[in-house]
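Here the structure comes first, spelled out in structure tokens, and everything after it is commentary.
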There are 2 protein chains.
Amino acid sequence: MRPASIKDVANHAGVAVGTVSNVLNYPERVASKTLDRVQASIAELGFVRNDVARQLRAGHSRTIGLIVLDIGNPFFSSLARAAEDTAAEGGNAVVLGNSGHDAQRELHYIDLFEEQRVQGVLISPVAENSKRLAALTARGTKVVLVDSPSSEDEFSSVSVDDVSGGYMATKHLLDIGRRRIAFVAGPQQFHQVTDRLSGAMRAVAEVPGATLEVLQAADLTVLAGRGVGDSLVERERSLLPDGLFCANDLLALGVMQSLTMLHTLRIPQDVALVGYDDIDFAASAVVPLTSVRQPTTLIGRTAIELLTEQLESPDAGPRSVVFKPELVVRASTGS
Amino acid sequence: MRPASIKDVANHAGVAVGTVSNVLNYPERVASKTLDRVQASIAELGFVRNDVARQLRAGHSRTIGLIVLDIGNPFFSSLARAAEDTAAEGGNAVVLGNSGHDAQRELHYIDLFEEQRVQGVLISPVAENSKRLAALTARGTKVVLVDSPSSEDEFSSVSVDDVSGGYMATKHLLDIGRRRIAFVAGPQQFHQVTDRLSGAMRAVAEVPGATLEVLQAADLTVLAGRGVGDSLVERERSLLPDGLFCANDLLALGVMQSLTMLHTLRIPQDVALVGYDDIDFAASAVVPLTSVRQPTTLIGRTAIELLTEQLESPDAGPRSVVFKPELVVRASTGS
DNA sequence: CCTCATTCTTGAAACGATTCATTATTACGA
DNA sequence: TCGTAATAATGAATCGTTTCAAGAATGAGG
């Protein structure tokens with residue numbers, strides 16, 4: 001059966017549709033006797049306001065789109081939760097899209113969100129696709145880049161200084177005496193990967209005699225990390241790095257899984273290990289993992305706030321917030 | 001600037017609105033010359049179809065609501081991803097709501113989704129709130145319970161046999177010779193907790209001399225698990241359980257974190273540990289965790305399929321799918 | 001009982017798309 | 001050239017709200 005409309009309620013209560021609308025939106029304008037009667041009708045008919053029609057009339061929705069690279073990564077699920085909580089405070093809902101690092105799917109979600117006329121889009125972009133995003137903003141949908149700086153300050157953005165994070169992680173390895181450093185990289189098109197790498201390079205350059213090797217992982221996942229670990233175990237001992245910095249915690253946990261499973265290399269004695277993100281599970285790993293912590297909750301909250309800011313004062317230019325990461329030392333670097 | 005509407009396109013191309021609509025929906029009905037002209041106008045004006053208006057006319061949306069208990073829990077994020085992927089195959093989008101085990105927030109999302117006229121709602125309910133959900137279905141919004149059986153077969157549901165999972169986990173502890181079993185429970189109102197407990201009780205009852213103690217955790221999180229672990233460490237040795245079954249992996253990892261941090265109790269020698277869910281991180285824990293695996297991807301996919309089923313044949317009754325869990329043995333029970 | 005001010009209520013217009021009965025155009029054979 | 005059939009294009013009606021100018025009802029004061 002078709003759900004009850006405002007018209008049905010009006011008929012049932014013997015008033016005009018405008019009155020029912022007032023009951024819903026401006027109850028103080030309605031005489032209390034009428035109010036009661038209309039509310040009784042609403043209850044009796046089980047009327048639920050059709051938000052689609054409301055949105056059409058209002059010209060905008062109460063939803064915000066969020067596109068993340070990998071919702072299975074605790075970094076993003078934590079971020080998503082924070083964004084959702086913050087949005088809920090303002091009466092908005094968050095629609096989640098998972099691009100899975102796939103530019104095609106990312107585009108698909110951007111299209112979808114634009115058709116749905118979301119208030120704005122928070123996006124952790126696969127690769128900077130400014131043209132599509134610029135078109136979005138040009139048509140009135142606000143955009144905030146998350147975990148990704150805006151190259152030309154074209155959009156508002158919330159990010160963490162990955163270069164400095166990479167520097168901190170590598171400096172720490174050097175500080176505890178490691179000299180043969182290896183960086184476990186994910187695909188090079190991820191700026192998170194290249195930024196962290198360039199931080200690592202800077203740290204290594206400061207210490208004479210230190211070397212940096214780059215190991216390529218196919219992906220930023222536990223599984224890909226295990227692959228890298230397996231290949232390390234097969235190496236001749238003298239060719240092994242003694243300090244390993246992984247582009248994220250999932251990779252680090254994978255590497256750790258592989259090294260400890262085969263019991264040939266000890267962490268941190270043979271290889272010291274540093275991850276990135278400090279996900280909850282880093283602390284309870286086989287060997288508790290030293291990691292670079294990112295303020296996920298703060299990132300999510302700030303992203304929504306920047307969006308709200310843009311909605312409230314559309315003329316203000318884009319604003320970028322950059323957080324500093326923080327090194328958390330644990331047993332994997334021999335605390 | 002107001003985004004271009006179908007009317008603007010029609011004016012620009014010198015055709016009627018109906019023709020533009022045909023270009024969008026039935027291009028084969030339009031003469032190729034007109035088609036080109038309209039498409040050129042669409043491109044030039046940057047027209048993007050307003051899905052809100054389309055939905056209003058169509059009477060239904062292309063979105064599905066998903067309400068989970070805790071998106072930070074990998075069990076749910078994995079489930080969400082599977083649901084999203086499956087929905088995308090059918091051209092639908094998933095809107096995510098995180099209730100955080102809060103009945104109030106759950107209700108809020110149900111209301112929101114009903115107002116948005118989602119096609120259906122997948123929900124992992126905080127506590128069975130059948131009345132509200134029944135009202136939903138009565139008004140045409142389909143409901144599928146996820147990770148929760150429907151008590152009266154009132155709704156379609158996808159669940160995993162938690163009683164049998166609890167039995168398997170506990171039986172395994174008994175099989176390796178443990179007799180003083182403890183179950184680390186979360187809040188008792190979660191049926192997942194009570195079902196797993198009753199499975200544990202059944203297993204213990206089968207073995208003469210075995211005992212079962214219930215330890216209460218405040219929450220199903222790593223942090224709460226750590227609290228339980230801390231209190232265990234303080235106990236007199238003779239009063240300690242030798243087999244610990246935790247209501248989920250997060251709790252188990254928390255307990256593990258606490259026990260191994262203080263180095264007073266060894267896993268599995270002093271205490272064997274079993275978790276539940278087999279999240280990705282269970283395998284890479286301090287001591288790789290024995291756990292009961294749930295087929296998250298399958299659950300998510302099936303939930304969407306059950307929903308689709310209901311949408312396509314509205315008269316068919318609700319259908320319930322129950323999956324069997326699977327024990328994955330690792331070092332925490334001394335493989 | 002009338003007037004005027006105040007408080008409520010009304011109902012048509014608008015939001016932007018889709019639908020479909022109607023009308024216009026084209027193509028073709030006679 | 002005309003008639004007919006097939007193909008295209010039209011535009012009003014519709015979906016369920018909100019808005020707002022205008023009208024109706026009420027109440028106070030004289």
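In the structure tokens, chains take letters A, B, ... by order of appearance, with residues numbered from 1 within each chain and ligands from 1 in the order shown.
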
- Write out as number ranges by chain every residue belonging to chain C that has an atom at most 12 Å from any atom of chain B, counting only C-alpha atoms (C1' of nucleotides). C: 15-20, 25-26

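If you lay chain A over chain B with a least-squares fit on the Cα atoms, the RMSD you get is 0.1 Å.
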
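Near region 153-159 of chain B, within a cut-off of 7 Å and counting only C-alpha atoms (C1' of nucleotides), sit the residues B:Val143, B:Val144, B:Leu145, B:Val146, B:Asp147, B:Ser148, B:Pro149, B:Ile299, B:Ala303, B:Leu306, B:Pro318, B:Arg319, B:Ser320, B:Val321, B:Val322, B:Phe323, with same-chain residues fewer than 4 positions away left out.
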
Those residues you just picked out, can you put them in a file as a PDB file, in the first residue's frame with N, CA, C and O atoms?
```
ATOM      1  N   VAL B 143      12.811  -5.057   5.315  1.00  0.00           N
ATOM      2  CA  VAL B 143      13.781  -5.164   6.407  1.00  0.00           C
ATOM      3  C   VAL B 143      14.474  -6.526   6.369  1.00  0.00           C
ATOM      4  O   VAL B 143      13.819  -7.539   6.164  1.00  0.00           O
ATOM      5  N   VAL B 144      15.772  -6.518   6.509  1.00  0.00           N
ATOM      6  CA  VAL B 144      16.504  -7.769   6.686  1.00  0.00           C
ATOM      7  C   VAL B 144      17.372  -7.649   7.925  1.00  0.00           C
ATOM      8  O   VAL B 144      18.167  -6.707   8.044  1.00  0.00           O
ATOM      9  N   LEU B 145      17.190  -8.571   8.848  1.00  0.00           N
ATOM     10  CA  LEU B 145      18.028  -8.568  10.042  1.00  0.00           C
ATOM     11  C   LEU B 145      19.369  -9.207   9.707  1.00  0.00           C
ATOM     12  O   LEU B 145      19.437 -10.230   9.031  1.00  0.00           O
ATOM     13  N   VAL B 146      20.412  -8.595  10.193  1.00  0.00           N
ATOM     14  CA  VAL B 146      21.743  -9.090   9.902  1.00  0.00           C
ATOM     15  C   VAL B 146      22.429  -9.487  11.204  1.00  0.00           C
ATOM     16  O   VAL B 146      22.371  -8.734  12.189  1.00  0.00           O
ATOM     17  N   ASP B 147      23.040 -10.643  11.211  1.00  0.00           N
ATOM     18  CA  ASP B 147      23.744 -11.127  12.394  1.00  0.00           C
ATOM     19  C   ASP B 147      22.799 -11.225  13.584  1.00  0.00           C
ATOM     20  O   ASP B 147      23.178 -10.961  14.710  1.00  0.00           O
ATOM     21  N   SER B 148      21.580 -11.591  13.289  1.00  0.00           N
ATOM     22  CA  SER B 148      20.573 -11.641  14.335  1.00  0.00           C
ATOM     23  C   SER B 148      19.390 -12.401  13.786  1.00  0.00           C
ATOM     24  O   SER B 148      18.806 -11.991  12.791  1.00  0.00           O
ATOM     25  N   PRO B 149      19.031 -13.519  14.418  1.00  0.00           N
ATOM     26  CA  PRO B 149      17.896 -14.273  13.890  1.00  0.00           C
ATOM     27  C   PRO B 149      16.605 -13.529  14.193  1.00  0.00           C
ATOM     28  O   PRO B 149      16.555 -12.713  15.105  1.00  0.00           O
ATOM     29  N   ILE B 299      27.741 -13.138   4.454  1.00  0.00           N
ATOM     30  CA  ILE B 299      26.614 -12.561   5.199  1.00  0.00           C
ATOM     31  C   ILE B 299      26.145 -11.285   4.519  1.00  0.00           C
ATOM     32  O   ILE B 299      24.957 -11.094   4.259  1.00  0.00           O
ATOM     33  N   ALA B 303      22.570 -10.838   2.645  1.00  0.00           N
ATOM     34  CA  ALA B 303      21.601  -9.864   3.164  1.00  0.00           C
ATOM     35  C   ALA B 303      21.023  -9.035   2.021  1.00  0.00           C
ATOM     36  O   ALA B 303      19.800  -8.848   1.928  1.00  0.00           O
ATOM     37  N   LEU B 306      18.685 -11.196  -0.044  1.00  0.00           N
ATOM     38  CA  LEU B 306      17.374 -11.407   0.572  1.00  0.00           C
ATOM     39  C   LEU B 306      16.500 -10.169   0.398  1.00  0.00           C
ATOM     40  O   LEU B 306      15.290 -10.262   0.179  1.00  0.00           O
ATOM     41  N   PRO B 318       8.975 -13.929   4.621  1.00  0.00           N
ATOM     42  CA  PRO B 318      10.373 -13.707   4.992  1.00  0.00           C
ATOM     43  C   PRO B 318      11.158 -15.010   4.919  1.00  0.00           C
ATOM     44  O   PRO B 318      10.593 -16.106   5.029  1.00  0.00           O
ATOM     45  N   ARG B 319      12.452 -14.857   4.689  1.00  0.00           N
ATOM     46  CA  ARG B 319      13.275 -16.050   4.573  1.00  0.00           C
ATOM     47  C   ARG B 319      14.506 -15.869   5.458  1.00  0.00           C
ATOM     48  O   ARG B 319      15.079 -14.784   5.511  1.00  0.00           O
ATOM     49  N   SER B 320      14.893 -16.919   6.141  1.00  0.00           N
ATOM     50  CA  SER B 320      16.043 -16.807   7.032  1.00  0.00           C
ATOM     51  C   SER B 320      17.164 -17.716   6.589  1.00  0.00           C
ATOM     52  O   SER B 320      16.943 -18.874   6.251  1.00  0.00           O
ATOM     53  N   VAL B 321      18.365 -17.178   6.594  1.00  0.00           N
ATOM     54  CA  VAL B 321      19.534 -17.977   6.255  1.00  0.00           C
ATOM     55  C   VAL B 321      20.438 -18.026   7.473  1.00  0.00           C
ATOM     56  O   VAL B 321      20.735 -16.992   8.077  1.00  0.00           O
ATOM     57  N   VAL B 322      20.827 -19.221   7.854  1.00  0.00           N
ATOM     58  CA  VAL B 322      21.725 -19.352   9.002  1.00  0.00           C
ATOM     59  C   VAL B 322      23.013 -20.034   8.554  1.00  0.00           C
ATOM     60  O   VAL B 322      22.973 -21.145   8.022  1.00  0.00           O
ATOM     61  N   PHE B 323      24.127 -19.356   8.740  1.00  0.00           N
ATOM     62  CA  PHE B 323      25.402 -19.958   8.372  1.00  0.00           C
ATOM     63  C   PHE B 323      26.038 -20.651   9.569  1.00  0.00           C
ATOM     64  O   PHE B 323      25.756 -20.329  10.712  1.00  0.00           O
TER      65      PHE B 323
END
```

- Message: Between CA of Val23 (chain A) and CA of Leu35 (chain A), what distance in Å does the model show, to one decimal?
- Response: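 CA of Leu35 (chain A) lies at a distance of 6.3 Å from CA of Val23 (chain A).
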
- Would you list which chain D residues are within 7 Å of chain B using only C-alpha atoms (C1' of nucleotides), as a VMD selection string? chain D and resid 8 to 10 15

- Item | A:Thr302, A:Ser291, A:Thr63, A:Ser41 ranked by distance to chain B, top pick (using only C-alpha atoms) |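 The answer is A:Thr63, which sits nearest to chain B.
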
- Please return, as a PyMOL selection string, all residues of chain B lying within 9 Å of chain A when only C-alpha atoms are considered. chain B and resi 1-4+46+48-53+55-56+61+70-74+77-78+80-81+84-85+93-98+109+111-112+114-117+135+138-140+222+250+253-254+256-258+280-288

- Task: Would you work out the distance separating CA of Thr221 (chain B) from CA of Asp277 (chain A), expressed in Å to one decimal?
- Result: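 Calculated distance between CA of Thr221 (chain B) and CA of Asp277 (chain A) is 18.9 Å.
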
- Task: Please identify which residues in region 178-298 of chain A DSSP calls strand (DSSP E or B) from the backbone, and express them as a list in words.
- Result: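 Filtering region 178-298 of chain A down to strand (DSSP E or B) leaves Arg180, Ile181, Ala182, Phe183, Val184, Ala185, Thr211, Leu212, Glu213, Val214, Leu215, Gln216, Gly243, Leu244, Phe245, Cys246, Ala272, Leu273, Val274, Gly275, Tyr276, Asp277, Ala285, Thr290, Ser291, Val292 and Arg293 of chain A.
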
Nearby residues (only C-alpha atoms (C1' of nucleotides)) at most 12 Å from DA30 (chain C), same-chain spacing under 3 positions excluded, as a PDB file with C-alpha atoms (C1' of nucleotides), in the first residue's frame:
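New file selection12.pdb:
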```pdb
ATOM      1  C1'  DT D   1       0.666  14.783 -55.811  1.00  0.00           C
ATOM      2  C1'  DC D   2      -1.773  12.510 -52.269  1.00  0.00           C
ATOM      3  C1'  DG D   3      -2.721   9.267 -48.504  1.00  0.00           C
ATOM      4  C1'  DT D   4      -1.073   6.467 -45.043  1.00  0.00           C
TER       5       DT D   4
END
```

- Extract, using only C-alpha atoms (C1' of nucleotides), all DNA, RNA and protein residues at most 12 Å from DG29 (chain D), discarding same-chain residues fewer than 2 positions from it, and format them as a PyMOL selection string. (chain C and resi 2-5) or (chain D and resi 27)

Those residues with all heavy atoms, as an mmCIF file, in the first residue's frame please?
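Once written, out.cif looks like this:
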```
data_model
loop_
_atom_site.group_PDB
_atom_site.id
_atom_site.type_symbol
_atom_site.label_atom_id
_atom_site.label_comp_id
_atom_site.auth_asym_id
_atom_site.auth_seq_id
_atom_site.Cartn_x
_atom_site.Cartn_y
_atom_site.Cartn_z
ATOM 1 P P DC C 2 -23.984 44.925 13.487
ATOM 2 O OP1 DC C 2 -24.940 45.365 12.458
ATOM 3 O OP2 DC C 2 -23.566 43.499 13.565
ATOM 4 O "O5'" DC C 2 -22.668 45.826 13.384
ATOM 5 C "C5'" DC C 2 -22.751 47.206 13.725
ATOM 6 C "C4'" DC C 2 -21.352 47.743 13.859
ATOM 7 O "O4'" DC C 2 -20.783 47.317 15.126
ATOM 8 C "C3'" DC C 2 -20.394 47.271 12.763
ATOM 9 O "O3'" DC C 2 -19.718 48.398 12.218
ATOM 10 C "C2'" DC C 2 -19.454 46.300 13.494
ATOM 11 C "C1'" DC C 2 -19.466 46.846 14.918
ATOM 12 N N1 DC C 2 -19.197 45.826 15.960
ATOM 13 C C2 DC C 2 -18.247 46.101 16.953
ATOM 14 O O2 DC C 2 -17.645 47.190 16.946
ATOM 15 N N3 DC C 2 -18.003 45.157 17.909
ATOM 16 C C4 DC C 2 -18.663 44.004 17.890
ATOM 17 N N4 DC C 2 -18.399 43.117 18.858
ATOM 18 C C5 DC C 2 -19.635 43.702 16.885
ATOM 19 C C6 DC C 2 -19.857 44.629 15.948
ATOM 20 P P DT C 3 -18.731 48.238 10.994
ATOM 21 O OP1 DT C 3 -18.983 49.386 10.084
ATOM 22 O OP2 DT C 3 -18.839 46.866 10.486
ATOM 23 O "O5'" DT C 3 -17.330 48.438 11.681
ATOM 24 C "C5'" DT C 3 -17.184 49.433 12.698
ATOM 25 C "C4'" DT C 3 -15.739 49.495 13.138
ATOM 26 O "O4'" DT C 3 -15.519 48.578 14.244
ATOM 27 C "C3'" DT C 3 -14.714 49.138 12.061
ATOM 28 O "O3'" DT C 3 -13.625 50.044 12.164
ATOM 29 C "C2'" DT C 3 -14.333 47.698 12.390
ATOM 30 C "C1'" DT C 3 -14.501 47.649 13.921
ATOM 31 N N1 DT C 3 -14.927 46.342 14.476
ATOM 32 C C2 DT C 3 -14.414 45.943 15.674
ATOM 33 O O2 DT C 3 -13.613 46.595 16.305
ATOM 34 N N3 DT C 3 -14.878 44.729 16.129
ATOM 35 C C4 DT C 3 -15.803 43.894 15.494
ATOM 36 O O4 DT C 3 -16.156 42.832 15.999
ATOM 37 C C5 DT C 3 -16.294 44.375 14.239
ATOM 38 C C7 DT C 3 -17.270 43.553 13.462
ATOM 39 C C6 DT C 3 -15.834 45.565 13.766
ATOM 40 P P DC C 4 -12.492 50.131 11.095
ATOM 41 O OP1 DC C 4 -12.174 51.548 10.832
ATOM 42 O OP2 DC C 4 -12.868 49.209 9.996
ATOM 43 O "O5'" DC C 4 -11.275 49.489 11.893
ATOM 44 C "C5'" DC C 4 -11.050 49.879 13.257
ATOM 45 C "C4'" DC C 4 -10.019 48.953 13.871
ATOM 46 O "O4'" DC C 4 -10.657 47.730 14.329
ATOM 47 C "C3'" DC C 4 -8.906 48.526 12.909
ATOM 48 O "O3'" DC C 4 -7.672 48.641 13.609
ATOM 49 C "C2'" DC C 4 -9.258 47.080 12.554
ATOM 50 C "C1'" DC C 4 -9.962 46.605 13.830
ATOM 51 N N1 DC C 4 -10.960 45.533 13.636
ATOM 52 C C2 DC C 4 -11.201 44.620 14.690
ATOM 53 O O2 DC C 4 -10.563 44.754 15.743
ATOM 54 N N3 DC C 4 -12.113 43.642 14.524
ATOM 55 C C4 DC C 4 -12.775 43.532 13.371
ATOM 56 N N4 DC C 4 -13.679 42.555 13.267
ATOM 57 C C5 DC C 4 -12.553 44.440 12.288
ATOM 58 C C6 DC C 4 -11.644 45.410 12.464
ATOM 59 P P DA C 5 -6.286 48.369 12.925
ATOM 60 O OP1 DA C 5 -5.411 49.550 13.100
ATOM 61 O OP2 DA C 5 -6.539 47.819 11.573
ATOM 62 O "O5'" DA C 5 -5.747 47.213 13.874
ATOM 63 C "C5'" DA C 5 -5.969 47.306 15.277
ATOM 64 C "C4'" DA C 5 -5.571 45.994 15.930
ATOM 65 O "O4'" DA C 5 -6.621 45.017 15.721
ATOM 66 C "C3'" DA C 5 -4.286 45.371 15.377
ATOM 67 O "O3'" DA C 5 -3.553 44.852 16.462
ATOM 68 C "C2'" DA C 5 -4.790 44.299 14.420
ATOM 69 C "C1'" DA C 5 -6.100 43.865 15.079
ATOM 70 N N9 DA C 5 -7.134 43.405 14.147
ATOM 71 C C8 DA C 5 -7.440 43.934 12.912
ATOM 72 N N7 DA C 5 -8.431 43.321 12.312
ATOM 73 C C5 DA C 5 -8.800 42.321 13.215
ATOM 74 C C6 DA C 5 -9.798 41.337 13.171
ATOM 75 N N6 DA C 5 -10.635 41.176 12.149
ATOM 76 N N1 DA C 5 -9.902 40.500 14.229
ATOM 77 C C2 DA C 5 -9.059 40.651 15.250
ATOM 78 N N3 DA C 5 -8.078 41.559 15.405
ATOM 79 C C4 DA C 5 -8.008 42.366 14.342
ATOM 80 P P DG D 27 -12.224 33.424 20.686
ATOM 81 O OP1 DG D 27 -11.677 32.472 21.673
ATOM 82 O OP2 DG D 27 -13.688 33.568 20.497
ATOM 83 O "O5'" DG D 27 -11.630 34.878 21.002
ATOM 84 C "C5'" DG D 27 -10.272 35.170 20.651
ATOM 85 C "C4'" DG D 27 -9.975 36.609 21.018
ATOM 86 O "O4'" DG D 27 -10.302 37.470 19.900
ATOM 87 C "C3'" DG D 27 -10.772 37.127 22.202
ATOM 88 O "O3'" DG D 27 -9.901 37.941 22.986
ATOM 89 C "C2'" DG D 27 -11.898 37.940 21.565
ATOM 90 C "C1'" DG D 27 -11.205 38.482 20.320
ATOM 91 N N9 DG D 27 -12.085 38.776 19.194
ATOM 92 C C8 DG D 27 -13.184 38.065 18.785
ATOM 93 N N7 DG D 27 -13.763 38.566 17.722
ATOM 94 C C5 DG D 27 -12.980 39.680 17.404
ATOM 95 C C6 DG D 27 -13.129 40.620 16.345
ATOM 96 O O6 DG D 27 -13.971 40.657 15.464
ATOM 97 N N1 DG D 27 -12.121 41.586 16.411
ATOM 98 C C2 DG D 27 -11.130 41.637 17.337
ATOM 99 N N2 DG D 27 -10.266 42.636 17.220
ATOM 100 N N3 DG D 27 -10.982 40.765 18.330
ATOM 101 C C4 DG D 27 -11.949 39.818 18.303
#
```

- Per DSSP on the backbone, what are the alpha helix (DSSP H) residues of region 56-245 of chain A, as a ChimeraX atom specification? /A:56-58,74-89,103-115,130-138,162-175,191-205,222-233

- Selection near Ala247 (chain A), 7 Å with only C-alpha atoms (C1' of nucleotides), sequence-local residues under 3 positions removed, as a ChimeraX atom specification: /A:184-186,193,196,251,275-276

Generate the output file for the selected residues, all heavy atoms, as a compact mmCIF listing (two decimals), in the first residue's frame.
```txt
# COMPACT_ATOMS: atom_id res chain seq x y z
N VAL A 184 59.02 -0.14 2.85
CA VAL A 184 58.08 -1.01 2.16
C VAL A 184 56.97 -0.13 1.58
O VAL A 184 56.15 0.41 2.32
CB VAL A 184 57.49 -2.07 3.09
CG1 VAL A 184 56.50 -2.95 2.33
CG2 VAL A 184 58.59 -2.91 3.70
N ALA A 185 57.02 0.04 0.29
CA ALA A 185 56.11 0.96 -0.38
C ALA A 185 54.91 0.23 -0.94
O ALA A 185 54.99 -0.94 -1.32
CB ALA A 185 56.85 1.66 -1.51
N GLY A 186 53.81 0.92 -0.98
CA GLY A 186 52.67 0.43 -1.75
C GLY A 186 52.80 1.02 -3.14
O GLY A 186 53.82 1.61 -3.48
N VAL A 193 52.15 7.16 0.03
CA VAL A 193 53.35 6.34 -0.09
C VAL A 193 54.56 7.20 -0.46
O VAL A 193 55.61 7.14 0.19
CB VAL A 193 53.14 5.24 -1.16
CG1 VAL A 193 54.44 4.51 -1.45
CG2 VAL A 193 52.07 4.26 -0.70
N ARG A 196 55.63 9.68 2.40
CA ARG A 196 56.32 9.02 3.51
C ARG A 196 57.72 8.61 3.08
O ARG A 196 58.68 8.69 3.86
CB ARG A 196 55.50 7.81 3.99
CG ARG A 196 54.25 8.26 4.72
CD ARG A 196 53.17 7.19 4.89
NE ARG A 196 51.87 7.87 5.13
CZ ARG A 196 50.71 7.23 5.28
NH1 ARG A 196 50.65 5.91 5.25
NH2 ARG A 196 49.60 7.92 5.47
N LEU A 251 50.50 -3.29 6.08
CA LEU A 251 51.72 -3.86 5.50
C LEU A 251 52.65 -4.37 6.60
O LEU A 251 53.18 -5.48 6.53
CB LEU A 251 52.47 -2.79 4.69
CG LEU A 251 51.99 -2.51 3.28
CD1 LEU A 251 52.82 -1.39 2.66
CD2 LEU A 251 52.09 -3.76 2.43
N GLY A 275 55.58 0.93 11.56
CA GLY A 275 54.41 1.03 10.68
C GLY A 275 53.92 2.46 10.59
O GLY A 275 54.62 3.40 10.98
N TYR A 276 52.71 2.61 10.08
CA TYR A 276 52.16 3.94 9.93
C TYR A 276 50.64 3.87 10.07
O TYR A 276 50.00 3.03 9.44
CB TYR A 276 52.52 4.51 8.55
CG TYR A 276 52.57 6.02 8.50
CD1 TYR A 276 53.78 6.69 8.43
CD2 TYR A 276 51.40 6.78 8.53
CE1 TYR A 276 53.85 8.08 8.39
CE2 TYR A 276 51.45 8.17 8.49
CZ TYR A 276 52.68 8.82 8.41
OH TYR A 276 52.74 10.19 8.37
```

- What does the distance between CA of Lys33 (chain B) and CA of Ala13 (chain B) come to in Å, to one decimal place?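 CA of Ala13 (chain B) lies 11.3 Å from CA of Lys33 (chain B).
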
- Give me the residues within 12 Å of Asp175 (chain A) as a list in words, counting only C-alpha atoms (C1' of nucleotides) and dropping any in the same chain fewer than 6 places off. Tyr167, Met168, Ala169, Ile181, Ala203, Val204, Glu206, Val207, Ala210, Gly243, Ala272, Thr333, Gly334 and Ser335 of chain A
